[in-house]
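Undergrad: Just protein.tsv, nothing more (TSV, C-alpha atoms):
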chain	number	residue	atom	x	y	z
A	1114	ARG	CA	-3.72	6.90	17.81
A	1115	LYS	CA	-3.08	5.71	14.26
A	1116	GLU	CA	-0.66	7.77	12.22
A	1117	VAL	CA	-3.12	7.93	9.33
A	1118	GLU	CA	-6.83	7.65	10.05
A	1119	GLN	CA	-9.72	7.21	7.69
A	1120	ASP	CA	-13.42	6.56	8.13
A	1121	PRO	CA	-13.69	2.89	7.08
A	1122	GLY	CA	-17.19	3.39	5.69
A	1123	PRO	CA	-18.74	1.81	3.80
A	1124	PHE	CA	-20.13	4.72	1.89
A	1125	ASN	CA	-23.15	3.64	-0.13
A	1126	VAL	CA	-24.09	6.22	-2.75
A	1127	PRO	CA	-26.25	6.25	-5.89
A	1128	GLU	CA	-24.78	6.79	-9.31
A	1129	GLY	CA	-24.27	10.45	-10.02
A	1130	ALA	CA	-23.77	11.41	-6.39
A	1131	THR	CA	-20.89	13.44	-5.05
A	1132	VAL	CA	-18.97	11.80	-2.24
A	1133	ALA	CA	-16.12	13.07	-0.09
A	1134	PHE	CA	-13.59	11.19	1.98
A	1135	ASN	CA	-11.39	12.68	4.65
A	1136	CYS	CA	-8.16	11.45	6.09
A	1137	THR	CA	-6.19	12.82	9.04
A	1138	TYR	CA	-2.52	12.33	9.77
A	1139	SER	CA	-0.77	12.81	13.07
A	1140	ASN	CA	2.81	13.65	12.12
A	1141	SER	CA	3.32	17.28	11.17
A	1142	ALA	CA	6.57	16.29	9.42
A	1143	SER	CA	4.56	14.49	6.74
A	1144	GLN	CA	5.81	15.54	3.34
A	1145	SER	CA	3.93	13.84	0.56
A	1146	PHE	CA	0.35	12.75	0.25
A	1147	PHE	CA	-1.47	10.40	-2.06
A	1148	TRP	CA	-4.73	8.65	-2.68
A	1149	TYR	CA	-4.53	5.05	-3.83
A	1150	ARG	CA	-7.42	2.97	-5.07
A	1151	GLN	CA	-7.78	-0.73	-4.33
A	1152	ASP	CA	-10.38	-2.86	-6.07
A	1153	CYS	CA	-11.69	-5.97	-4.38
A	1154	ARG	CA	-9.03	-8.71	-4.34
A	1155	LYS	CA	-6.62	-6.51	-6.26
A	1156	GLU	CA	-3.49	-4.56	-5.43
A	1157	PRO	CA	-3.51	-0.84	-4.56
A	1158	LYS	CA	-2.82	1.55	-7.41
A	1159	LEU	CA	-2.01	5.22	-7.32
A	1160	LEU	CA	-5.08	7.35	-7.99
A	1161	MET	CA	-3.55	10.76	-7.53
A	1162	SER	CA	-1.00	12.75	-5.60
A	1163	VAL	CA	-2.22	15.53	-3.33
A	1164	TYR	CA	-0.63	18.94	-3.57
A	1165	SER	CA	-0.88	21.89	-1.22
A	1166	SER	CA	-2.61	23.94	-3.87
A	1167	GLY	CA	-5.18	21.21	-4.44
A	1168	ASN	CA	-5.43	19.28	-7.65
A	1169	GLU	CA	-8.06	17.89	-9.91
A	1170	ASP	CA	-8.14	14.96	-12.29
A	1171	GLY	CA	-11.43	14.70	-14.13
A	1172	ARG	CA	-14.13	13.90	-11.59
A	1173	PHE	CA	-11.62	13.61	-8.74
A	1174	THR	CA	-10.40	16.50	-6.62
A	1175	ALA	CA	-7.81	16.18	-3.86
A	1176	GLN	CA	-7.15	18.78	-1.21
A	1177	LEU	CA	-4.53	19.11	1.49
A	1178	ASN	CA	-4.89	21.16	4.65
A	1179	ARG	CA	-1.52	21.17	6.41
A	1180	ALA	CA	-2.67	23.35	9.28
A	1181	SER	CA	-5.40	20.88	10.24
A	1182	GLN	CA	-3.43	17.87	9.01
A	1183	TYR	CA	-6.08	16.38	6.81
A	1184	ILE	CA	-6.45	15.34	3.22
A	1185	SER	CA	-9.66	15.00	1.29
A	1186	LEU	CA	-10.82	13.30	-1.87
A	1187	LEU	CA	-13.96	14.43	-3.67
A	1188	ILE	CA	-15.57	12.29	-6.34
A	1189	ARG	CA	-18.20	13.97	-8.49
A	1190	ASP	CA	-20.79	12.23	-10.64
A	1191	SER	CA	-20.02	8.82	-9.14
A	1192	LYS	CA	-19.90	5.85	-11.49
A	1193	LEU	CA	-20.48	2.20	-10.70
A	1194	SER	CA	-16.82	1.64	-11.57
A	1195	ASP	CA	-15.75	3.96	-8.74
A	1196	SER	CA	-16.71	1.24	-6.25
A	1197	ALA	CA	-13.47	0.39	-4.48
A	1198	THR	CA	-11.50	1.05	-1.33
A	1199	TYR	CA	-9.66	4.36	-1.25
A	1200	LEU	CA	-6.41	4.45	0.70
A	1201	CYS	CA	-4.94	7.62	2.10
A	1202	VAL	CA	-1.13	7.51	2.01
A	1203	VAL	CA	1.38	9.78	3.71
A	1204	THR	CA	5.15	9.87	3.34
A	1205	LEU	CA	7.44	11.07	6.11
A	1206	ASN	CA	11.09	11.97	5.92
A	1207	THR	CA	12.53	10.42	9.06
A	1208	GLY	CA	16.10	10.19	7.86
A	1209	GLY	CA	14.83	7.80	5.25
A	1210	PHE	CA	11.42	8.00	3.65
A	1211	LYS	CA	8.63	6.19	5.43
A	1212	THR	CA	5.30	5.57	3.76
A	1213	ILE	CA	2.20	5.05	5.89
A	1214	PHE	CA	-1.04	3.71	4.50
A	1215	GLY	CA	-4.44	4.35	5.99
A	1216	ALA	CA	-6.74	1.38	6.42
A	1217	GLY	CA	-8.96	2.62	3.61
A	1218	THR	CA	-12.49	3.85	3.03
A	1219	ARG	CA	-14.81	1.55	1.17
A	1220	LEU	CA	-17.13	3.02	-1.42
A	1221	PHE	CA	-20.11	1.30	-3.04
A	1222	VAL	CA	-21.80	3.09	-5.90
A	1223	LYS	CA	-25.20	1.66	-6.75
A	1224	ALA	CA	-27.39	1.99	-9.83
B	1306	ASP	CA	4.08	-1.13	-18.74
B	1307	VAL	CA	5.44	-1.54	-15.24
B	1308	LYS	CA	5.22	-4.93	-13.68
B	1309	VAL	CA	5.58	-6.45	-10.25
B	1310	THR	CA	4.89	-10.15	-10.03
B	1311	GLN	CA	4.51	-12.43	-7.05
B	1312	SER	CA	5.12	-16.14	-7.13
B	1313	SER	CA	1.71	-17.27	-5.92
B	1314	ARG	CA	-1.76	-15.75	-5.66
B	1315	TYR	CA	-2.93	-18.24	-3.06
B	1316	LEU	CA	-0.91	-20.37	-0.69
B	1317	VAL	CA	-1.93	-22.76	2.09
B	1318	LYS	CA	0.70	-23.90	4.57
B	1319	ARG	CA	0.79	-25.72	7.89
B	1320	THR	CA	2.00	-24.30	11.17
B	1321	GLY	CA	5.76	-24.63	11.49
B	1322	GLU	CA	6.45	-24.82	7.77
B	1323	LYS	CA	9.03	-22.58	6.14
B	1324	VAL	CA	7.39	-20.32	3.57
B	1325	PHE	CA	9.01	-18.40	0.72
B	1326	LEU	CA	7.20	-15.57	-1.02
B	1327	GLU	CA	8.93	-14.26	-4.12
B	1328	CYS	CA	8.57	-10.88	-5.76
B	1329	VAL	CA	10.08	-9.73	-9.05
B	1330	GLN	CA	9.96	-6.29	-10.63
B	1331	ASP	CA	11.03	-5.33	-14.12
B	1332	MET	CA	11.37	-1.58	-13.63
B	1333	ASP	CA	14.97	-1.49	-12.35
B	1334	HIS	CA	13.71	0.03	-9.10
B	1335	GLU	CA	16.08	0.37	-6.18
B	1336	ASN	CA	13.48	0.16	-3.43
B	1337	MET	CA	11.35	-2.87	-2.73
B	1338	PHE	CA	8.87	-3.50	0.07
B	1339	TRP	CA	6.91	-6.27	1.70
B	1340	TYR	CA	3.60	-5.44	3.37
B	1341	ARG	CA	0.85	-7.44	4.91
B	1342	GLN	CA	-2.73	-6.26	4.69
B	1343	ASP	CA	-5.37	-7.21	7.23
B	1344	PRO	CA	-8.96	-5.97	7.56
B	1345	GLY	CA	-9.18	-2.78	9.57
B	1346	LEU	CA	-5.41	-2.46	9.86
B	1347	GLY	CA	-4.45	-1.44	6.36
B	1348	LEU	CA	-1.03	-2.14	4.93
B	1349	ARG	CA	1.74	-2.66	7.45
B	1350	LEU	CA	5.36	-2.66	6.40
B	1351	ILE	CA	7.28	-5.83	7.23
B	1352	TYR	CA	10.66	-5.17	5.59
B	1353	PHE	CA	12.07	-3.05	2.85
B	1354	SER	CA	15.25	-2.96	0.81
B	1355	TYR	CA	16.86	0.04	-0.83
B	1356	ASP	CA	19.56	-1.86	-2.68
B	1357	VAL	CA	20.87	-5.33	-3.39
B	1358	LYS	CA	21.81	-7.14	-0.19
B	1359	MET	CA	20.47	-4.25	1.88
B	1360	LYS	CA	17.45	-4.62	4.12
B	1361	GLU	CA	15.70	-2.64	6.80
B	1362	LYS	CA	13.06	-3.67	9.28
B	1363	GLY	CA	9.66	-2.18	8.89
B	1364	ASP	CA	6.98	-1.89	11.53
B	1365	ILE	CA	6.27	-5.60	12.04
B	1366	PRO	CA	9.38	-7.65	11.18
B	1367	GLU	CA	8.98	-10.29	13.89
B	1368	GLY	CA	8.65	-13.77	12.47
B	1369	TYR	CA	9.87	-12.73	9.02
B	1370	SER	CA	13.15	-12.38	7.19
B	1371	VAL	CA	14.00	-11.19	3.68
B	1372	SER	CA	16.57	-11.70	0.99
B	1373	ARG	CA	17.63	-9.47	-1.88
B	1374	GLU	CA	20.40	-11.10	-3.87
B	1375	LYS	CA	19.45	-9.44	-7.15
B	1376	LYS	CA	18.01	-6.00	-7.80
B	1377	GLU	CA	14.84	-7.29	-9.39
B	1378	ARG	CA	14.00	-9.90	-6.77
B	1379	PHE	CA	12.93	-9.51	-3.14
B	1380	SER	CA	11.96	-12.57	-1.14
B	1381	LEU	CA	10.00	-12.77	2.08
B	1382	ILE	CA	10.64	-15.76	4.32
B	1383	LEU	CA	8.52	-17.08	7.13
B	1384	GLU	CA	10.94	-19.33	9.02
B	1385	SER	CA	8.21	-21.13	10.93
B	1386	ALA	CA	4.74	-20.17	9.83
B	1387	SER	CA	2.12	-19.49	12.48
B	1388	THR	CA	-1.63	-19.03	12.21
B	1389	ASN	CA	-1.35	-15.30	13.01
B	1390	GLN	CA	0.62	-14.90	9.81
B	1391	THR	CA	-2.45	-15.72	7.77
B	1392	SER	CA	-2.84	-12.58	5.70
B	1393	MET	CA	-2.59	-10.93	2.30
B	1394	TYR	CA	1.05	-10.20	1.46
B	1395	LEU	CA	1.80	-7.42	-0.98
B	1396	CYS	CA	5.12	-6.64	-2.55
B	1397	ALA	CA	5.86	-3.19	-3.95
B	1398	SER	CA	8.69	-1.42	-5.67
B	1399	ARG	CA	9.62	2.21	-6.11
B	1400	THR	CA	12.43	4.11	-7.71
B	1401	SER	CA	14.55	6.19	-5.38
B	1402	GLY	CA	15.92	9.01	-7.49
B	1403	LEU	CA	15.93	12.56	-6.30
B	1404	ALA	CA	12.25	12.52	-5.44
B	1405	GLY	CA	12.84	9.72	-2.96
B	1406	GLY	CA	9.74	8.97	-1.02
B	1407	THR	CA	7.48	10.96	-3.27
B	1408	ASP	CA	7.58	8.43	-6.07
B	1409	THR	CA	4.76	6.03	-6.74
B	1410	GLN	CA	4.84	2.55	-5.30
B	1411	TYR	CA	3.89	-0.19	-7.72
B	1412	PHE	CA	2.32	-3.23	-6.16
B	1413	GLY	CA	2.24	-6.87	-7.12
B	1414	PRO	CA	-1.10	-8.71	-7.21
B	1415	GLY	CA	-0.65	-10.06	-3.70
B	1416	THR	CA	-0.36	-13.50	-2.16
B	1417	ARG	CA	-3.13	-14.66	0.12
B	1418	LEU	CA	-1.44	-16.94	2.62
B	1419	THR	CA	-3.42	-19.21	4.89
B	1420	VAL	CA	-1.60	-20.98	7.71
B	1421	LEU	CA	-3.51	-23.91	9.17
As structure tokens, please, write out the structure in this file.
TA:
Amino acid sequence: RKEVEQDPGPFNVPEGATVAFNCTYSNSASQSFFWYRQDCRKEPKLLMSVYSSGNEDGRFTAQLNRASQYISLLIRDSKLSDSATYLCVVTLNTGGFKTIFGAGTRLFVKA
Amino acid sequence: DVKVTQSSRYLVKRTGEKVFLECVQDMDHENMFWYRQDPGLGLRLIYFSYDVKMKEKGDIPEGYSVSREKKERFSLILESASTNQTSMYLCASRTSGLAGGTDTQYFGPGTRLTVL
């Protein structure tokens, strides 16, 4: 079983739609959680951190459920420019910090 | 503006060649990382370094070595390239500080290596 699992998609949605991605992690010692965005042929970039209380940044909302060990990302009012791959990222403290990247969920937003 | 640069965007090498991939960051970060990214597998950590001359194996170090002689520069070396090392290679850096592993990783643009 992968340490961080995501639905690879692709998710094909029309502009204006709301789309949600889930990510599960297997290690209960996971400490920090992030969503990164990766555009085609580009490097990953931090989209947002995920806090236990949930957090929102404009059209993006991230949630963490420690009991069920999953993280979610909700995108409201999708834009064409949201088309990208979204990577779920988890950091463990195993003596040193270890960062684990999910394989990503691909999103296509169409006009 | 933070910056991580990699020496090449695209590289084509032959089996058995020695390959050097260079990464430079200008943020005075202590931690630097080399990943490879393959479809369906995501980013996998090859090696990382938390200080000059220090290195630690990641999840898939076989066939690779690294060098960190200066804080800003982290090199990945393929001693004898093989076709299964064809991949996208991404370098990243991160400050350590008190937040440790919670800090953002900043990635370079990647090097797409093809080994023929």
Undergrad: May I have the residues within 9 Å of stretch 1187-1204 of chain A as a short mmCIF file (atom, residue, chain, number, x, y, z; two decimals) with C-alpha atoms, keeping the file's coordinate frame, using all atoms listed in the file and disregarding those fewer than 2 positions away in the same chain?
TA:
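Result file part_21.cif:
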data_model
loop_
_atom_site.label_atom_id
_atom_site.label_comp_id
_atom_site.auth_asym_id
_atom_site.auth_seq_id
_atom_site.Cartn_x
_atom_site.Cartn_y
_atom_site.Cartn_z
CA GLU A 1116 -0.66 7.77 12.22
CA VAL A 1117 -3.12 7.93 9.33
CA GLU A 1118 -6.83 7.65 10.05
CA GLN A 1119 -9.72 7.21 7.69
CA PRO A 1121 -13.69 2.89 7.08
CA PRO A 1123 -18.74 1.81 3.80
CA VAL A 1126 -24.09 6.22 -2.75
CA PRO A 1127 -26.25 6.25 -5.89
CA GLU A 1128 -24.78 6.79 -9.31
CA GLY A 1129 -24.27 10.45 -10.02
CA ALA A 1130 -23.77 11.41 -6.39
CA THR A 1131 -20.89 13.44 -5.05
CA VAL A 1132 -18.97 11.80 -2.24
CA ALA A 1133 -16.12 13.07 -0.09
CA PHE A 1134 -13.59 11.19 1.98
CA ASN A 1135 -11.39 12.68 4.65
CA CYS A 1136 -8.16 11.45 6.09
CA THR A 1137 -6.19 12.82 9.04
CA TYR A 1138 -2.52 12.33 9.77
CA ALA A 1142 6.57 16.29 9.42
CA SER A 1143 4.56 14.49 6.74
CA GLN A 1144 5.81 15.54 3.34
CA SER A 1145 3.93 13.84 0.56
CA PHE A 1146 0.35 12.75 0.25
CA PHE A 1147 -1.47 10.40 -2.06
CA TRP A 1148 -4.73 8.65 -2.68
CA TYR A 1149 -4.53 5.05 -3.83
CA ARG A 1150 -7.42 2.97 -5.07
CA GLN A 1151 -7.78 -0.73 -4.33
CA ASP A 1152 -10.38 -2.86 -6.07
CA CYS A 1153 -11.69 -5.97 -4.38
CA PRO A 1157 -3.51 -0.84 -4.56
CA LEU A 1160 -5.08 7.35 -7.99
CA GLY A 1171 -11.43 14.70 -14.13
CA ARG A 1172 -14.13 13.90 -11.59
CA PHE A 1173 -11.62 13.61 -8.74
CA THR A 1174 -10.40 16.50 -6.62
CA ALA A 1175 -7.81 16.18 -3.86
CA GLN A 1176 -7.15 18.78 -1.21
CA ILE A 1184 -6.45 15.34 3.22
CA SER A 1185 -9.66 15.00 1.29
CA ASN A 1206 11.09 11.97 5.92
CA PHE A 1210 11.42 8.00 3.65
CA LYS A 1211 8.63 6.19 5.43
CA THR A 1212 5.30 5.57 3.76
CA ILE A 1213 2.20 5.05 5.89
CA PHE A 1214 -1.04 3.71 4.50
CA GLY A 1215 -4.44 4.35 5.99
CA ALA A 1216 -6.74 1.38 6.42
CA GLY A 1217 -8.96 2.62 3.61
CA THR A 1218 -12.49 3.85 3.03
CA ARG A 1219 -14.81 1.55 1.17
CA LEU A 1220 -17.13 3.02 -1.42
CA PHE A 1221 -20.11 1.30 -3.04
CA VAL A 1222 -21.80 3.09 -5.90
CA LYS A 1223 -25.20 1.66 -6.75
CA ALA A 1224 -27.39 1.99 -9.83
CA GLY B 1347 -4.45 -1.44 6.36
CA GLY B 1406 9.74 8.97 -1.02
CA THR B 1407 7.48 10.96 -3.27
#
Undergrad: Quick one: everything within 6 Å of stretch 1323-1330 of chain B, counting only C-alpha atoms, minus sequence neighbours fewer than 3 positions away in the same chain. Send it as a PyMOL selection string.
TA: chain B and resi 1308-1312+1377-1385
Undergrad: Could you take the residues named above and write them with C-alpha atoms, as a short mmCIF file (atom, residue, chain, number, x, y, z; two decimals), in the coordinates of the input?
TA:
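Output saved as selection.cif:
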data_model
loop_
_atom_site.label_atom_id
_atom_site.label_comp_id
_atom_site.auth_asym_id
_atom_site.auth_seq_id
_atom_site.Cartn_x
_atom_site.Cartn_y
_atom_site.Cartn_z
CA LYS B 1308 5.22 -4.93 -13.68
CA VAL B 1309 5.58 -6.45 -10.25
CA THR B 1310 4.89 -10.15 -10.03
CA GLN B 1311 4.51 -12.43 -7.05
CA SER B 1312 5.12 -16.14 -7.13
CA GLU B 1377 14.84 -7.29 -9.39
CA ARG B 1378 14.00 -9.90 -6.77
CA PHE B 1379 12.93 -9.51 -3.14
CA SER B 1380 11.96 -12.57 -1.14
CA LEU B 1381 10.00 -12.77 2.08
CA ILE B 1382 10.64 -15.76 4.32
CA LEU B 1383 8.52 -17.08 7.13
CA GLU B 1384 10.94 -19.33 9.02
CA SER B 1385 8.21 -21.13 10.93
#
Undergrad: Adding 3 Å on each side of the box along x, y and z that holds all listed atoms of stretch 1193-1208 of chain A, could you give its centre and edge lengths in Å to one decimal, as lines of an AutoDock Vina configuration file?
TA:
center_x = -2.2
center_y = 6.2
center_z = -1.3
size_x = 42.6
size_y = 17.6
size_z = 26.6
Undergrad: Residues around (6.5, -4.0, -0.9), cut-off 12 Å, counting only C-alpha atoms - what are they as number ranges by chain?
TA: A: 1156-1157, 1212; B: 1309-1311, 1326-1330, 1334-1342, 1348-1355, 1363, 1371, 1378-1381, 1393-1399, 1409-1416
Undergrad: I'd like the neighbourhood of B:Ala1386 as a PyMOL selection string, where a residue qualifies if any of its atoms comes within 9 Å (using only C-alpha atoms), though same-chain residues fewer than 3 positions away should be ignored.
TA: chain B and resi 1318-1324+1368+1383+1389-1391+1420
Undergrad: So how far away is atom CA of B:Lys1360 from atom CA of B:Leu1421, in Å?
TA: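 Between atom CA of B:Leu1421 and atom CA of B:Lys1360 the gap is 28.9 Å.
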Undergrad: Calculated over only C-alpha atoms, which of the candidates A:Leu1159, A:Asn1178, A:Lys1115, A:Asn1168 has the smallest distance to B:Gly1345?
TA: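 The shortest atom-to-atom distance to B:Gly1345 comes from A:Lys1115.
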Undergrad: Find, counting all atoms listed in the file, the residue in A:Val1163, A:Gln1182, A:Asp1170, A:Lys1155 that gets nearest to chain B.
TA: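 Ranked by minimum distance to chain B, first place goes to A:Lys1155.
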Undergrad: Since the input lacks atoms, please generate N, CA, C and O atoms for stretch 1382-1404 of chain B and provide them as a PDB file, in the coordinates of the input.
TA:
ATOM      1  N   ILE B1382      10.531 -14.416   3.764  1.00  0.00           N
ATOM      2  CA  ILE B1382      10.640 -15.760   4.320  1.00  0.00           C
ATOM      3  C   ILE B1382       9.971 -15.814   5.689  1.00  0.00           C
ATOM      4  O   ILE B1382      10.236 -14.960   6.550  1.00  0.00           O
ATOM      5  N   LEU B1383       9.097 -16.785   5.830  1.00  0.00           N
ATOM      6  CA  LEU B1383       8.520 -17.080   7.130  1.00  0.00           C
ATOM      7  C   LEU B1383       9.234 -18.339   7.614  1.00  0.00           C
ATOM      8  O   LEU B1383       9.037 -19.417   7.065  1.00  0.00           O
ATOM      9  N   GLU B1384      10.110 -18.196   8.591  1.00  0.00           N
ATOM     10  CA  GLU B1384      10.940 -19.330   9.020  1.00  0.00           C
ATOM     11  C   GLU B1384      10.116 -20.478   9.587  1.00  0.00           C
ATOM     12  O   GLU B1384      10.395 -21.637   9.345  1.00  0.00           O
ATOM     13  N   SER B1385       9.087 -20.125  10.330  1.00  0.00           N
ATOM     14  CA  SER B1385       8.210 -21.130  10.930  1.00  0.00           C
ATOM     15  C   SER B1385       6.810 -20.541  10.998  1.00  0.00           C
ATOM     16  O   SER B1385       6.497 -19.796  11.920  1.00  0.00           O
ATOM     17  N   ALA B1386       6.031 -20.834   9.978  1.00  0.00           N
ATOM     18  CA  ALA B1386       4.740 -20.170   9.830  1.00  0.00           C
ATOM     19  C   ALA B1386       3.833 -20.416  11.040  1.00  0.00           C
ATOM     20  O   ALA B1386       3.804 -21.523  11.609  1.00  0.00           O
ATOM     21  N   SER B1387       3.099 -19.372  11.401  1.00  0.00           N
ATOM     22  CA  SER B1387       2.120 -19.490  12.480  1.00  0.00           C
ATOM     23  C   SER B1387       0.772 -18.984  11.985  1.00  0.00           C
ATOM     24  O   SER B1387       0.693 -18.243  10.999  1.00  0.00           O
ATOM     25  N   THR B1388      -0.284 -19.378  12.678  1.00  0.00           N
ATOM     26  CA  THR B1388      -1.630 -19.030  12.210  1.00  0.00           C
ATOM     27  C   THR B1388      -1.843 -17.511  12.175  1.00  0.00           C
ATOM     28  O   THR B1388      -2.605 -17.017  11.344  1.00  0.00           O
ATOM     29  N   ASN B1389      -1.169 -16.764  13.034  1.00  0.00           N
ATOM     30  CA  ASN B1389      -1.350 -15.300  13.010  1.00  0.00           C
ATOM     31  C   ASN B1389      -0.618 -14.632  11.853  1.00  0.00           C
ATOM     32  O   ASN B1389      -0.674 -13.399  11.711  1.00  0.00           O
ATOM     33  N   GLN B1390       0.027 -15.429  11.036  1.00  0.00           N
ATOM     34  CA  GLN B1390       0.620 -14.900   9.810  1.00  0.00           C
ATOM     35  C   GLN B1390      -0.268 -15.128   8.595  1.00  0.00           C
ATOM     36  O   GLN B1390       0.114 -14.812   7.461  1.00  0.00           O
ATOM     37  N   THR B1391      -1.451 -15.647   8.832  1.00  0.00           N
ATOM     38  CA  THR B1391      -2.450 -15.720   7.770  1.00  0.00           C
ATOM     39  C   THR B1391      -2.827 -14.300   7.385  1.00  0.00           C
ATOM     40  O   THR B1391      -3.256 -13.506   8.230  1.00  0.00           O
ATOM     41  N   SER B1392      -2.636 -13.953   6.125  1.00  0.00           N
ATOM     42  CA  SER B1392      -2.840 -12.580   5.700  1.00  0.00           C
ATOM     43  C   SER B1392      -2.680 -12.468   4.191  1.00  0.00           C
ATOM     44  O   SER B1392      -2.325 -13.437   3.511  1.00  0.00           O
ATOM     45  N   MET B1393      -2.927 -11.257   3.690  1.00  0.00           N
ATOM     46  CA  MET B1393      -2.590 -10.930   2.300  1.00  0.00           C
ATOM     47  C   MET B1393      -1.221 -10.252   2.325  1.00  0.00           C
ATOM     48  O   MET B1393      -1.021  -9.285   3.070  1.00  0.00           O
ATOM     49  N   TYR B1394      -0.300 -10.761   1.522  1.00  0.00           N
ATOM     50  CA  TYR B1394       1.050 -10.200   1.460  1.00  0.00           C
ATOM     51  C   TYR B1394       1.231  -9.491   0.127  1.00  0.00           C
ATOM     52  O   TYR B1394       1.000 -10.064  -0.938  1.00  0.00           O
ATOM     53  N   LEU B1395       1.627  -8.243   0.217  1.00  0.00           N
ATOM     54  CA  LEU B1395       1.800  -7.420  -0.980  1.00  0.00           C
ATOM     55  C   LEU B1395       3.242  -6.949  -1.081  1.00  0.00           C
ATOM     56  O   LEU B1395       3.808  -6.439  -0.129  1.00  0.00           O
ATOM     57  N   CYS B1396       3.788  -7.131  -2.254  1.00  0.00           N
ATOM     58  CA  CYS B1396       5.120  -6.640  -2.550  1.00  0.00           C
ATOM     59  C   CYS B1396       4.974  -5.352  -3.354  1.00  0.00           C
ATOM     60  O   CYS B1396       4.013  -5.201  -4.132  1.00  0.00           O
ATOM     61  N   ALA B1397       5.894  -4.425  -3.183  1.00  0.00           N
ATOM     62  CA  ALA B1397       5.860  -3.190  -3.950  1.00  0.00           C
ATOM     63  C   ALA B1397       7.272  -2.771  -4.296  1.00  0.00           C
ATOM     64  O   ALA B1397       8.236  -3.163  -3.633  1.00  0.00           O
ATOM     65  N   SER B1398       7.384  -1.973  -5.342  1.00  0.00           N
ATOM     66  CA  SER B1398       8.690  -1.420  -5.670  1.00  0.00           C
ATOM     67  C   SER B1398       8.536   0.056  -6.000  1.00  0.00           C
ATOM     68  O   SER B1398       7.441   0.530  -6.351  1.00  0.00           O
ATOM     69  N   ARG B1399       9.623   0.770  -5.879  1.00  0.00           N
ATOM     70  CA  ARG B1399       9.620   2.210  -6.110  1.00  0.00           C
ATOM     71  C   ARG B1399      11.021   2.639  -6.472  1.00  0.00           C
ATOM     72  O   ARG B1399      11.992   2.152  -5.903  1.00  0.00           O
ATOM     73  N   THR B1400      11.115   3.572  -7.411  1.00  0.00           N
ATOM     74  CA  THR B1400      12.430   4.110  -7.710  1.00  0.00           C
ATOM     75  C   THR B1400      12.854   5.014  -6.566  1.00  0.00           C
ATOM     76  O   THR B1400      12.013   5.471  -5.793  1.00  0.00           O
ATOM     77  N   SER B1401      14.120   5.258  -6.423  1.00  0.00           N
ATOM     78  CA  SER B1401      14.550   6.190  -5.380  1.00  0.00           C
ATOM     79  C   SER B1401      14.722   7.552  -6.042  1.00  0.00           C
ATOM     80  O   SER B1401      13.852   8.386  -5.950  1.00  0.00           O
ATOM     81  N   GLY B1402      15.745   7.752  -6.775  1.00  0.00           N
ATOM     82  CA  GLY B1402      15.920   9.010  -7.490  1.00  0.00           C
ATOM     83  C   GLY B1402      15.929  10.191  -6.557  1.00  0.00           C
ATOM     84  O   GLY B1402      15.949  10.063  -5.340  1.00  0.00           O
ATOM     85  N   LEU B1403      15.873  11.347  -7.090  1.00  0.00           N
ATOM     86  CA  LEU B1403      15.930  12.560  -6.300  1.00  0.00           C
ATOM     87  C   LEU B1403      14.636  12.810  -5.547  1.00  0.00           C
ATOM     88  O   LEU B1403      14.610  13.422  -4.493  1.00  0.00           O
ATOM     89  N   ALA B1404      13.540  12.294  -6.086  1.00  0.00           N
ATOM     90  CA  ALA B1404      12.250  12.520  -5.440  1.00  0.00           C
ATOM     91  C   ALA B1404      12.064  11.605  -4.252  1.00  0.00           C
ATOM     92  O   ALA B1404      11.197  11.822  -3.426  1.00  0.00           O
TER      93      ALA B1404
END
